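Step one of this worksheet: look at the structure below.
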Amino acid sequence: MLQFSLLLDQAEGPLYQRLYRALVRQIRTGTLAAGVRLPGKRTLATELGISINTVDTAYQMLAAEGYVESRPRSGFVVLPFTQEFPVASPPPQPKAAPEPQPETPWKFDLRTGSVDADLFPFRTWGRIQKELLYSAPQLLAYGAPQGDENLRAALARYLAAYRGVQCTPEQIVVGAGLEYLLGLLAPLLGGICAVEDPGYGSTRHILENSGLPCCAVPVDKYGLSAQALEESGANLCYITPSHQFPTGVTMSAPRRADLLAWASKAPDRYLLEDDFDAEFRFDQKPLPSLQGMAGADGPVVYLSTVSRSLAPSIRLAYMVLPQQLLPRWKRRYGSYANTVSRFEQQTFCRFIEDGYFTRHLARTRNTCKHRRDALVSALQSTFGRSAIQLRGIHTGLHLLLTLPNGPDEQTMVASAAAVGVRLTGLSSYFHTDRAQCPSHTVVLGYGSLPESAAPALAALLKEAWSQPSVSSLNS
């Protein structure tokens with residue numbers, strides 16, 4: 001009988017796993033060579049002072065993984081093992097996770113992406129979703145790659161009525177967020193994409209990560225510069241014409257016509273129109289979408305989402321493709337499964353078809369208008385109407401505040417943070433030359449700011465940007 005001596009490792013875990021690991025090491029290092037017969041289960045159990053069941057479990061694990069095989073009247077025999085790879089050392093024991101650091105207790109969070117959960121239509125949305133869960137088990141199956149047909153039909157009617165979009169349901173693609181849709185769109189189009197400067201840095205990052213080089217084109221008081229776009233060499237252009245982010249400029253009708261003319265001059269030129277918060281227009285009648293001006297066959301891809309109108313966590317966005325892009329899309333992505341839950345799709349479809357969406361938007365728009373009015377009034381009364389400049393207040397859920405005789409932008413942001421107000425400097429949205437950014441200017445998002453809190457916020461900002469505070473920060 002083979003004299004067998006084996007040291008079990010001291011790691012934690014069941015005894016059979018420790019025995020199994022020890023035997024694996026012996027086999028992989030060649031200590032137990034191919035053809036060697038392992039000791040009988042009773043013999044090894046006696047030698048190691050463990051139970052027969054423990055040895056049997058370890059042997060069965062070795063056999064299942066091909067280290068040994070059970071042979072009639074011979075017991076378990078070691079199989080050949082190639083020694084080409086280094087033997088892995090036992091994995092380190094995981095360290096205890098560090099205690100999460102508490103977040104800064106902001107008194108006011110004025111980031112543009114902040115959401116007020118109180119505005120979400122919990123009761124209606126929950127009731128529709130519950131009804132679907134009990135009455136539509138077919139929604140557990142895969143749906144159409146571009147999104148459920150009835151949702152796309154409802155979206156086509158809504159977009160035609162409220163945004164002047166001209167399209168058929170077949171042209172609409174539903175996806176889990178604009179990031180996802182842009183990621184699919186970028187390789188479909190190819191070339192170079194112009195982006196607004198200033199503008200969304202995240203959008204440029206998404207496009208470039210998806211293989212689409214980007215160049216920055218300046219924005220003036222009429223929108224993105226058509227002349228600079230022509231000189232850029234780009235064949236694509238991402239724009240926010242209804243409410244340019246972050247300047248708040250609404251692109252003029254002549255400038256829209258110039259951009260459409262640019263896109264029509266050459267094949268495979270397209271405008272990517274992000275209509276992200278067009279529903280929130282307070283004082284002026286909204287201009288129709290750029291896609292509506294171009295028509296269903298025009299060179300415009302229309303993009304929108306429910307992140308602002310409902311909630312960012314409902315990952316539901318949609319785009320309208322020009323007719324000529326549909327065959328290309330279907331060839332490339334026709335076999336893809338849709339990325340939005342069909343229960344979410346059908347809940348939103350019912351929400352539109354039963355009129356809840358338009359009523360929800362009207363209530364939300366009215367609430368946000370009152371918040372905008374309260375914030376503007378509080379800022380002007382606290383600082384003095386002539387001491388500040390407010391821009392981009394007619395639409396959207398943010399505004400620009402300039403304090404001409406105040407501290408520089410970096411100090412404005414830092415001193416506001418020191419009193420518990422979280423906001424962003426305008427220069428952080430510039431892609432190229434930040435020296436072109438208007439000085440002393442910050443971006444205030446008020447979508448989640450209670451109307452009653454506006455005076456307290458204005459007072460805090462006044463305190464933060466007063467001369468003593470500025471001096472102490474600069475000293």
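We label chains A, B, ... in the order they appear in the structure tokens, count residues from 1 in each chain, and number ligands from 1 in the order shown.
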Would you tabulate, counting only C-alpha atoms, all residues of stretch 406-445 of chain A that have an atom at most 12 Å from an atom of stretch 451-456 of chain A, showing the closest pair of atoms and their distance in Å to one decimal, sorted by chain then ascending number, as JSON lines?
```
{"residue": "A:Val419", "atom": "CA", "partner": "A:Ala456", "partner_atom": "CA", "distance": 11.7}
{"residue": "A:Gly420", "atom": "CA", "partner": "A:Ala456", "partner_atom": "CA", "distance": 11.7}
{"residue": "A:Val421", "atom": "CA", "partner": "A:Ala456", "partner_atom": "CA", "distance": 10.9}
{"residue": "A:Leu444", "atom": "CA", "partner": "A:Ala454", "partner_atom": "CA", "distance": 11.8}
```
Query - Contacts of stretch 52-63 of chain A at 10 Å (only C-alpha atoms; same-chain gap of 2+ positions) as a PyMOL selection string - result: chain A and resi 14-24+38+40-46+48-50+65-70+76-79
Residues as selected, N, CA, C and O atoms, written as a compact mmCIF listing (two decimals), in the first residue's frame, can you do that?
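So out.txt came out as:
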```txt
# COMPACT_ATOMS: atom_id res chain seq x y z
N PRO A 14 -15.26 24.28 4.33
CA PRO A 14 -15.53 22.90 4.70
C PRO A 14 -14.31 22.01 4.50
O PRO A 14 -13.47 22.25 3.62
N LEU A 15 -14.21 20.95 5.32
CA LEU A 15 -13.05 20.08 5.31
C LEU A 15 -12.88 19.37 3.96
O LEU A 15 -11.75 19.19 3.48
N TYR A 16 -13.99 19.00 3.30
CA TYR A 16 -13.87 18.30 2.02
C TYR A 16 -13.27 19.23 0.95
O TYR A 16 -12.53 18.78 0.07
N GLN A 17 -13.57 20.56 1.02
CA GLN A 17 -12.98 21.48 0.07
C GLN A 17 -11.49 21.66 0.33
O GLN A 17 -10.68 21.75 -0.61
N ARG A 18 -11.09 21.68 1.59
CA ARG A 18 -9.67 21.80 1.92
C ARG A 18 -8.90 20.57 1.43
O ARG A 18 -7.79 20.68 0.90
N LEU A 19 -9.49 19.38 1.60
CA LEU A 19 -8.85 18.16 1.12
C LEU A 19 -8.77 18.16 -0.40
O LEU A 19 -7.74 17.82 -0.99
N TYR A 20 -9.83 18.56 -1.05
CA TYR A 20 -9.86 18.63 -2.51
C TYR A 20 -8.76 19.56 -3.02
O TYR A 20 -8.00 19.22 -3.94
N ARG A 21 -8.62 20.77 -2.41
CA ARG A 21 -7.61 21.71 -2.87
C ARG A 21 -6.19 21.16 -2.66
O ARG A 21 -5.30 21.35 -3.50
N ALA A 22 -5.99 20.46 -1.54
CA ALA A 22 -4.67 19.90 -1.28
C ALA A 22 -4.31 18.83 -2.32
O ALA A 22 -3.17 18.77 -2.81
N LEU A 23 -5.26 17.99 -2.67
CA LEU A 23 -5.02 16.96 -3.68
C LEU A 23 -4.78 17.58 -5.06
O LEU A 23 -3.92 17.11 -5.82
N VAL A 24 -5.51 18.63 -5.40
CA VAL A 24 -5.31 19.30 -6.69
C VAL A 24 -3.90 19.84 -6.78
O VAL A 24 -3.22 19.70 -7.81
N LEU A 38 -4.80 6.59 -5.87
CA LEU A 38 -5.03 7.27 -4.61
C LEU A 38 -5.35 6.26 -3.51
O LEU A 38 -5.88 5.17 -3.80
N GLY A 40 -7.21 4.26 -0.61
CA GLY A 40 -8.62 3.97 -0.40
C GLY A 40 -9.25 5.01 0.53
O GLY A 40 -8.58 5.61 1.38
N LYS A 41 -10.53 5.17 0.39
CA LYS A 41 -11.22 6.21 1.17
C LYS A 41 -11.11 5.93 2.67
O LYS A 41 -10.87 6.85 3.46
N ARG A 42 -11.27 4.67 3.05
CA ARG A 42 -11.18 4.34 4.48
C ARG A 42 -9.75 4.57 4.99
O ARG A 42 -9.55 5.09 6.09
N THR A 43 -8.75 4.16 4.18
CA THR A 43 -7.35 4.31 4.59
C THR A 43 -6.99 5.77 4.80
O THR A 43 -6.38 6.15 5.82
N LEU A 44 -7.36 6.64 3.81
CA LEU A 44 -7.01 8.06 3.91
C LEU A 44 -7.78 8.72 5.05
O LEU A 44 -7.22 9.56 5.78
N ALA A 45 -9.02 8.30 5.25
CA ALA A 45 -9.80 8.87 6.35
C ALA A 45 -9.16 8.57 7.69
O ALA A 45 -9.07 9.42 8.58
N THR A 46 -8.65 7.32 7.83
CA THR A 46 -8.00 6.93 9.08
C THR A 46 -6.71 7.71 9.28
O THR A 46 -6.41 8.20 10.38
N LEU A 48 -5.81 10.64 8.11
CA LEU A 48 -6.00 12.07 8.34
C LEU A 48 -6.94 12.36 9.50
O LEU A 48 -7.10 13.52 9.89
N GLY A 49 -7.56 11.33 10.05
CA GLY A 49 -8.47 11.53 11.17
C GLY A 49 -9.74 12.26 10.79
O GLY A 49 -10.24 13.12 11.55
N ILE A 50 -10.25 11.96 9.56
CA ILE A 50 -11.49 12.59 9.09
C ILE A 50 -12.46 11.51 8.69
O ILE A 50 -12.13 10.32 8.66
N GLU A 65 -13.96 16.86 -12.23
CA GLU A 65 -13.16 17.86 -12.92
C GLU A 65 -12.04 17.25 -13.75
O GLU A 65 -11.23 17.97 -14.34
N GLY A 66 -11.98 15.91 -13.81
CA GLY A 66 -11.02 15.26 -14.69
C GLY A 66 -9.62 15.10 -14.14
O GLY A 66 -8.69 14.81 -14.90
N TYR A 67 -9.43 15.28 -12.85
CA TYR A 67 -8.11 15.07 -12.26
C TYR A 67 -7.84 13.58 -12.03
O TYR A 67 -6.69 13.14 -12.10
N VAL A 68 -8.88 12.82 -11.71
CA VAL A 68 -8.75 11.39 -11.47
C VAL A 68 -9.92 10.69 -12.15
O VAL A 68 -10.89 11.33 -12.57
N GLU A 69 -9.82 9.37 -12.24
CA GLU A 69 -10.96 8.60 -12.72
C GLU A 69 -11.10 7.34 -11.86
O GLU A 69 -10.12 6.82 -11.32
N SER A 70 -12.33 6.92 -11.72
CA SER A 70 -12.62 5.72 -10.93
C SER A 70 -12.56 4.50 -11.84
O SER A 70 -13.25 4.46 -12.86
N PHE A 76 -9.48 5.07 -7.34
CA PHE A 76 -9.29 6.32 -8.07
C PHE A 76 -7.85 6.46 -8.50
O PHE A 76 -6.92 6.35 -7.68
N VAL A 77 -7.64 6.70 -9.81
CA VAL A 77 -6.30 6.78 -10.40
C VAL A 77 -6.09 8.17 -10.97
O VAL A 77 -6.98 8.73 -11.65
N VAL A 78 -4.89 8.75 -10.75
CA VAL A 78 -4.58 10.09 -11.22
C VAL A 78 -4.42 10.07 -12.75
O VAL A 78 -3.73 9.20 -13.30
N LEU A 79 -5.05 11.06 -13.42
CA LEU A 79 -4.96 11.20 -14.87
C LEU A 79 -3.83 12.16 -15.23
O LEU A 79 -3.39 12.97 -14.41
```
**Report entry** Residues flagged strand (DSSP E or B) by DSSP in stretch 38-232 of chain A, as a PyMOL selection string
**Finding:** chain A and resi 68-71+75-78+108-109+172-175+193-197+214-220+223-224
Mind dumping the selected residues with N, CA and C atoms as a compact mmCIF listing (two decimals), in the first residue's frame?
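Below is the file that was written, again_4.txt:
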```
# COMPACT_ATOMS: atom_id res chain seq x y z
N VAL A 68 -8.88 12.82 -11.71
CA VAL A 68 -8.75 11.39 -11.47
C VAL A 68 -9.92 10.69 -12.15
N GLU A 69 -9.82 9.37 -12.24
CA GLU A 69 -10.96 8.60 -12.72
C GLU A 69 -11.10 7.34 -11.86
N SER A 70 -12.33 6.92 -11.72
CA SER A 70 -12.62 5.72 -10.93
C SER A 70 -12.56 4.50 -11.84
N ARG A 71 -11.71 3.52 -11.47
CA ARG A 71 -11.55 2.32 -12.28
C ARG A 71 -12.00 1.11 -11.45
N GLY A 75 -9.90 1.52 -7.77
CA GLY A 75 -10.15 2.76 -7.05
C GLY A 75 -9.94 3.99 -7.93
N PHE A 76 -9.48 5.07 -7.34
CA PHE A 76 -9.29 6.32 -8.07
C PHE A 76 -7.85 6.46 -8.50
N VAL A 77 -7.64 6.70 -9.81
CA VAL A 77 -6.30 6.78 -10.40
C VAL A 77 -6.09 8.17 -10.97
N VAL A 78 -4.89 8.75 -10.75
CA VAL A 78 -4.58 10.09 -11.22
C VAL A 78 -4.42 10.07 -12.75
N PHE A 108 -29.04 72.60 -0.73
CA PHE A 108 -29.70 72.75 -2.02
C PHE A 108 -28.83 72.12 -3.09
N ASP A 109 -29.42 71.24 -3.90
CA ASP A 109 -28.71 70.60 -5.00
C ASP A 109 -29.25 71.19 -6.30
N ILE A 172 -39.65 54.75 -35.81
CA ILE A 172 -39.30 54.98 -34.40
C ILE A 172 -38.57 53.77 -33.84
N VAL A 173 -37.51 54.05 -33.09
CA VAL A 173 -36.75 53.01 -32.37
C VAL A 173 -36.77 53.36 -30.89
N VAL A 174 -37.23 52.44 -30.07
CA VAL A 174 -37.27 52.62 -28.61
C VAL A 174 -36.06 51.91 -28.01
N GLY A 175 -35.40 52.56 -27.06
CA GLY A 175 -34.22 51.95 -26.43
C GLY A 175 -34.05 52.43 -25.00
N CYS A 193 -18.49 63.86 -36.19
CA CYS A 193 -19.69 64.52 -35.67
C CYS A 193 -19.30 65.83 -34.99
N ALA A 194 -19.94 66.92 -35.40
CA ALA A 194 -19.78 68.21 -34.73
C ALA A 194 -20.70 68.24 -33.51
N VAL A 195 -20.20 68.79 -32.40
CA VAL A 195 -21.00 68.94 -31.19
C VAL A 195 -20.97 70.40 -30.76
N GLU A 196 -21.99 70.81 -30.04
CA GLU A 196 -22.11 72.20 -29.62
C GLU A 196 -21.05 72.54 -28.57
N ASP A 197 -20.52 73.76 -28.67
CA ASP A 197 -19.54 74.26 -27.71
C ASP A 197 -19.97 75.65 -27.22
N CYS A 214 -15.26 63.44 -32.78
CA CYS A 214 -16.07 64.64 -32.64
C CYS A 214 -15.21 65.89 -32.74
N CYS A 215 -15.82 66.97 -33.19
CA CYS A 215 -15.19 68.28 -33.19
C CYS A 215 -16.18 69.27 -32.61
N ALA A 216 -15.68 70.29 -31.92
CA ALA A 216 -16.54 71.27 -31.26
C ALA A 216 -16.79 72.46 -32.18
N VAL A 217 -18.06 72.88 -32.25
CA VAL A 217 -18.46 74.03 -33.07
C VAL A 217 -19.13 75.04 -32.15
N PRO A 218 -18.74 76.31 -32.22
CA PRO A 218 -19.27 77.30 -31.27
C PRO A 218 -20.76 77.59 -31.46
N VAL A 219 -21.36 78.00 -30.35
CA VAL A 219 -22.77 78.41 -30.32
C VAL A 219 -22.82 79.92 -30.12
N ASP A 220 -23.64 80.61 -30.93
CA ASP A 220 -23.84 82.04 -30.71
C ASP A 220 -25.27 82.29 -30.27
N GLY A 223 -27.83 80.05 -32.03
CA GLY A 223 -27.65 78.60 -32.00
C GLY A 223 -26.29 78.23 -32.56
N LEU A 224 -26.12 76.97 -32.93
CA LEU A 224 -24.84 76.51 -33.47
C LEU A 224 -24.52 77.24 -34.77
```
Requested in this report: Just the helix (DSSP H, G or I) stuff from stretch 146-364 of chain A, please, per backbone DSSP, written as a ChimeraX atom specification.
Outcome: /A:149-163,169-171,178-189,201-209,226-232,253-264,290-294,323-333,342-353,356-364
Can you pull out every residue within 9 Å of A:Pro187, counting only C-alpha atoms, but drop anything in the same chain fewer than 6 positions away, and send it as a PDB file with all heavy atoms, in the first residue's frame?
```pdb
ATOM      1  N   SER A 210     -18.055  55.304 -29.032  1.00  0.00           N
ATOM      2  CA  SER A 210     -18.726  54.453 -30.023  1.00  0.00           C
ATOM      3  C   SER A 210     -18.049  54.519 -31.388  1.00  0.00           C
ATOM      4  O   SER A 210     -18.610  54.047 -32.378  1.00  0.00           O
ATOM      5  CB  SER A 210     -20.192  54.874 -30.155  1.00  0.00           C
ATOM      6  OG  SER A 210     -20.844  54.819 -28.905  1.00  0.00           O
ATOM      7  N   GLY A 211     -16.853  55.117 -31.434  1.00  0.00           N
ATOM      8  CA  GLY A 211     -16.077  55.128 -32.669  1.00  0.00           C
ATOM      9  C   GLY A 211     -16.341  56.296 -33.577  1.00  0.00           C
ATOM     10  O   GLY A 211     -15.971  56.245 -34.765  1.00  0.00           O
ATOM     11  N   LEU A 212     -16.956  57.360 -33.077  1.00  0.00           N
ATOM     12  CA  LEU A 212     -17.294  58.507 -33.908  1.00  0.00           C
ATOM     13  C   LEU A 212     -16.494  59.722 -33.431  1.00  0.00           C
ATOM     14  O   LEU A 212     -16.816  60.319 -32.411  1.00  0.00           O
ATOM     15  CB  LEU A 212     -18.793  58.800 -33.804  1.00  0.00           C
ATOM     16  CG  LEU A 212     -19.428  59.643 -34.906  1.00  0.00           C
ATOM     17  CD1 LEU A 212     -19.310  58.936 -36.251  1.00  0.00           C
ATOM     18  CD2 LEU A 212     -20.900  59.892 -34.594  1.00  0.00           C
TER      19      LEU A 212
END
```
Query raised in the report: Between A:Arg157, A:His440, A:Arg363, A:Lys130, which has the minimum distance to A:Leu401 (counting only C-alpha atoms)?
Result: A:His440
Quick one: contact table of stretch 119-238 of chain A to stretch 290-293 of chain A, 10 Å max, nearest atom pair and distance in Å to one decimal per residue, counting only C-alpha atoms, chain and number order, as a tab-separated table?
```
residue	atom	partner	partner_atom	distance
A:Leu159	CA	A:Gly292	CA	9.5
A:Ala160	CA	A:Gly292	CA	8.3
A:Arg163	CA	A:Gly292	CA	7.6
A:Gly164	CA	A:Gly292	CA	5.1
A:Val165	CA	A:Gly292	CA	4.4
A:Gln166	CA	A:Gly292	CA	5.5
A:Cys167	CA	A:Gly292	CA	8.8
```
Using only all heavy atoms, please write the residues we just selected to a file, as a compact mmCIF listing (two decimals), in the first residue's frame.
```txt
# COMPACT_ATOMS: atom_id res chain seq x y z
N LEU A 159 -45.94 62.83 -30.99
CA LEU A 159 -44.91 63.70 -31.55
C LEU A 159 -45.46 64.58 -32.67
O LEU A 159 -45.05 65.74 -32.82
CB LEU A 159 -43.73 62.87 -32.06
CG LEU A 159 -42.91 62.15 -30.99
CD1 LEU A 159 -41.89 61.21 -31.63
CD2 LEU A 159 -42.21 63.15 -30.08
N ALA A 160 -46.38 64.04 -33.46
CA ALA A 160 -46.99 64.85 -34.52
C ALA A 160 -47.82 65.98 -33.94
O ALA A 160 -47.78 67.12 -34.43
CB ALA A 160 -47.85 63.96 -35.42
N ARG A 163 -44.98 68.09 -31.20
CA ARG A 163 -43.66 68.54 -31.61
C ARG A 163 -43.53 68.69 -33.12
O ARG A 163 -42.47 69.01 -33.63
CB ARG A 163 -42.57 67.55 -31.10
CG ARG A 163 -42.47 67.46 -29.60
CD ARG A 163 -42.13 68.81 -28.95
NE ARG A 163 -40.88 69.35 -29.45
CZ ARG A 163 -40.74 70.58 -29.93
NH1 ARG A 163 -41.79 71.40 -30.02
NH2 ARG A 163 -39.57 71.01 -30.35
N GLY A 164 -44.63 68.47 -33.85
CA GLY A 164 -44.60 68.64 -35.29
C GLY A 164 -43.73 67.64 -36.02
O GLY A 164 -43.34 67.87 -37.18
N VAL A 165 -43.42 66.51 -35.37
CA VAL A 165 -42.59 65.48 -36.00
C VAL A 165 -43.40 64.74 -37.06
O VAL A 165 -44.55 64.35 -36.82
CB VAL A 165 -42.05 64.50 -34.95
CG1 VAL A 165 -41.35 63.31 -35.61
CG2 VAL A 165 -41.09 65.22 -34.00
N GLN A 166 -42.81 64.52 -38.23
CA GLN A 166 -43.47 63.80 -39.31
C GLN A 166 -42.81 62.43 -39.45
O GLN A 166 -41.68 62.32 -39.89
CB GLN A 166 -43.34 64.57 -40.62
CG GLN A 166 -43.94 65.98 -40.59
CD GLN A 166 -43.78 66.69 -41.90
OE1 GLN A 166 -43.96 66.09 -42.97
NE2 GLN A 166 -43.45 67.96 -41.86
N CYS A 167 -43.56 61.40 -39.07
CA CYS A 167 -42.97 60.06 -39.14
C CYS A 167 -44.06 59.01 -39.07
O CYS A 167 -45.20 59.29 -38.69
CB CYS A 167 -41.97 59.83 -38.01
SG CYS A 167 -42.72 59.67 -36.37
```
Query raised in the report: Quick one: distance from atom CA of A:Arg269 to atom CA of A:Asn235 in Å, one decimal?
Result: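 Straight-line distance from atom CA of A:Arg269 to atom CA of A:Asn235 works out to 4.7 Å.
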Report task. Give me the residues within 7 Å of A:His243 as a PyMOL selection string, counting only C-alpha atoms and dropping any in the same chain fewer than 3 places off. Result -> chain A and resi 240+248-250+278+395-396
May I have the residues within 12 Å of stretch 122-125 of chain A as a compact mmCIF listing (two decimals) with N, CA, C and O atoms, in the first residue's frame, using only C-alpha atoms and disregarding those fewer than 2 positions away in the same chain?
```txt
# COMPACT_ATOMS: atom_id res chain seq x y z
N ALA A 117 -38.87 63.72 -6.95
CA ALA A 117 -39.70 62.50 -6.95
C ALA A 117 -41.17 62.80 -6.68
O ALA A 117 -42.05 62.02 -7.08
N ASP A 118 -41.46 63.92 -6.02
CA ASP A 118 -42.85 64.25 -5.70
C ASP A 118 -43.69 64.51 -6.95
O ASP A 118 -44.93 64.46 -6.89
N LEU A 119 -43.04 64.81 -8.08
CA LEU A 119 -43.78 65.11 -9.31
C LEU A 119 -44.13 63.85 -10.10
O LEU A 119 -44.91 63.91 -11.04
N PHE A 120 -43.56 62.70 -9.71
CA PHE A 120 -43.82 61.47 -10.47
C PHE A 120 -45.24 61.00 -10.21
O PHE A 120 -45.71 60.99 -9.06
N ARG A 127 -50.84 51.84 -10.96
CA ARG A 127 -52.09 51.14 -11.26
C ARG A 127 -52.04 50.50 -12.65
O ARG A 127 -52.42 49.33 -12.82
N ILE A 128 -51.54 51.24 -13.63
CA ILE A 128 -51.44 50.68 -14.99
C ILE A 128 -50.51 49.48 -15.00
O ILE A 128 -50.81 48.44 -15.59
N GLN A 129 -49.37 49.62 -14.34
CA GLN A 129 -48.40 48.54 -14.36
C GLN A 129 -48.94 47.29 -13.65
O GLN A 129 -48.72 46.16 -14.09
N LYS A 130 -49.66 47.51 -12.55
CA LYS A 130 -50.24 46.37 -11.84
C LYS A 130 -51.27 45.65 -12.70
O LYS A 130 -51.31 44.40 -12.75
N GLU A 131 -52.11 46.41 -13.41
CA GLU A 131 -53.10 45.79 -14.29
C GLU A 131 -52.42 44.96 -15.38
O GLU A 131 -52.87 43.85 -15.70
N LEU A 132 -51.34 45.48 -15.92
CA LEU A 132 -50.63 44.75 -16.97
C LEU A 132 -49.99 43.48 -16.44
O LEU A 132 -49.98 42.44 -17.11
N LEU A 310 -40.58 62.26 -16.90
CA LEU A 310 -41.02 61.27 -15.90
C LEU A 310 -39.93 61.02 -14.87
O LEU A 310 -40.00 61.53 -13.76
N ALA A 311 -38.89 60.26 -15.24
CA ALA A 311 -37.80 59.99 -14.31
C ALA A 311 -36.64 59.35 -15.07
O ALA A 311 -36.87 58.55 -15.98
N ILE A 314 -36.48 55.40 -15.36
CA ILE A 314 -37.31 54.70 -16.36
C ILE A 314 -36.53 54.79 -17.66
O ILE A 314 -36.61 55.76 -18.39
N PHE A 343 -43.11 45.58 -20.03
CA PHE A 343 -44.07 46.13 -19.07
C PHE A 343 -43.92 47.65 -18.99
O PHE A 343 -44.91 48.37 -18.91
N GLU A 344 -42.68 48.14 -19.02
CA GLU A 344 -42.47 49.59 -19.04
C GLU A 344 -42.99 50.19 -20.34
O GLU A 344 -43.62 51.25 -20.34
N GLN A 345 -42.73 49.50 -21.45
CA GLN A 345 -43.21 50.00 -22.74
C GLN A 345 -44.73 50.13 -22.74
O GLN A 345 -45.29 51.15 -23.17
N GLN A 346 -45.41 49.07 -22.28
CA GLN A 346 -46.86 49.08 -22.34
C GLN A 346 -47.47 50.03 -21.30
O GLN A 346 -48.54 50.60 -21.52
N THR A 347 -46.80 50.20 -20.17
CA THR A 347 -47.28 51.18 -19.19
C THR A 347 -47.22 52.57 -19.79
O THR A 347 -48.17 53.36 -19.69
N PHE A 348 -46.11 52.90 -20.43
CA PHE A 348 -45.97 54.22 -21.05
C PHE A 348 -46.96 54.38 -22.21
O PHE A 348 -47.53 55.46 -22.41
N CYS A 349 -47.19 53.31 -22.96
CA CYS A 349 -48.15 53.37 -24.06
C CYS A 349 -49.55 53.72 -23.54
O CYS A 349 -50.22 54.62 -24.07
N ARG A 350 -49.98 53.03 -22.49
CA ARG A 350 -51.28 53.34 -21.89
C ARG A 350 -51.29 54.75 -21.32
O ARG A 350 -52.30 55.46 -21.39
N PHE A 351 -50.19 55.16 -20.73
CA PHE A 351 -50.07 56.49 -20.14
C PHE A 351 -50.29 57.57 -21.20
O PHE A 351 -50.92 58.60 -20.94
N ILE A 352 -49.78 57.32 -22.42
CA ILE A 352 -50.00 58.26 -23.53
C ILE A 352 -51.42 58.16 -24.06
O ILE A 352 -52.13 59.16 -24.19
N ASP A 354 -54.25 57.07 -22.91
CA ASP A 354 -55.36 57.45 -22.04
C ASP A 354 -55.32 58.91 -21.61
O ASP A 354 -56.12 59.34 -20.78
N GLY A 355 -54.39 59.67 -22.16
CA GLY A 355 -54.32 61.11 -21.90
C GLY A 355 -53.61 61.51 -20.63
O GLY A 355 -53.52 62.70 -20.31
N TYR A 356 -53.04 60.52 -19.89
CA TYR A 356 -52.36 60.86 -18.64
C TYR A 356 -51.06 61.63 -18.87
O TYR A 356 -50.70 62.49 -18.07
N PHE A 357 -50.38 61.32 -19.96
CA PHE A 357 -49.09 61.94 -20.19
C PHE A 357 -49.23 63.44 -20.41
O PHE A 357 -48.49 64.24 -19.81
N ARG A 359 -51.65 65.38 -19.46
CA ARG A 359 -52.09 66.03 -18.22
C ARG A 359 -50.95 66.12 -17.22
O ARG A 359 -50.79 67.13 -16.52
N HIS A 360 -50.13 65.05 -17.14
CA HIS A 360 -48.97 65.08 -16.26
C HIS A 360 -48.00 66.18 -16.67
O HIS A 360 -47.48 66.92 -15.82
```
Do a neighbour search on A:Leu272 at 8 Å with only C-alpha atoms, toss out local chain neighbours closer than 3 positions, and write the hits as a short mmCIF file (atom, residue, chain, number, x, y, z; two decimals) with N, CA, C and O atoms, in the first residue's frame.
```
data_model
loop_
_atom_site.label_atom_id
_atom_site.label_comp_id
_atom_site.auth_asym_id
_atom_site.auth_seq_id
_atom_site.Cartn_x
_atom_site.Cartn_y
_atom_site.Cartn_z
N LEU A 236 -21.76 64.98 -39.65
CA LEU A 236 -22.86 64.83 -38.70
C LEU A 236 -22.80 65.99 -37.72
O LEU A 236 -21.74 66.57 -37.49
N CYS A 237 -23.96 66.33 -37.15
CA CYS A 237 -23.98 67.43 -36.18
C CYS A 237 -25.03 67.14 -35.11
O CYS A 237 -26.21 66.97 -35.42
N TYR A 238 -24.57 67.07 -33.86
CA TYR A 238 -25.47 66.87 -32.72
C TYR A 238 -25.86 68.24 -32.17
O TYR A 238 -24.99 69.05 -31.82
N ILE A 239 -27.17 68.51 -32.09
CA ILE A 239 -27.65 69.83 -31.66
C ILE A 239 -28.84 69.70 -30.72
O ILE A 239 -29.57 68.70 -30.73
N VAL A 300 -32.63 64.39 -40.77
CA VAL A 300 -32.64 64.66 -39.34
C VAL A 300 -33.00 63.38 -38.59
O VAL A 300 -34.00 62.72 -38.91
N VAL A 301 -32.18 63.03 -37.58
CA VAL A 301 -32.52 61.97 -36.63
C VAL A 301 -33.02 62.66 -35.37
O VAL A 301 -32.29 63.42 -34.74
N TYR A 302 -34.27 62.41 -35.01
CA TYR A 302 -34.88 63.04 -33.84
C TYR A 302 -34.71 62.14 -32.62
O TYR A 302 -34.98 60.93 -32.68
N LEU A 303 -34.26 62.72 -31.50
CA LEU A 303 -34.01 61.96 -30.27
C LEU A 303 -34.71 62.61 -29.10
O LEU A 303 -34.72 63.83 -28.97
#
```
Could you make a table, as CSV, of the residues of stretch 261-281 of chain A that have an atom within 12 Å of an atom of stretch 366-381 of chain A, each with its nearest atom pair and distance in Å to one decimal, counting only C-alpha atoms, in chain and number order?
```
residue,atom,partner,partner_atom,distance
A:Glu279,CA,A:Cys368,CA,11.1
A:Phe280,CA,A:Cys368,CA,8.0
A:Arg281,CA,A:Lys369,CA,8.6
```
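Relative to atom CA of A:Asp275, atom CA of A:Ser114 is found at 18.2 Å.
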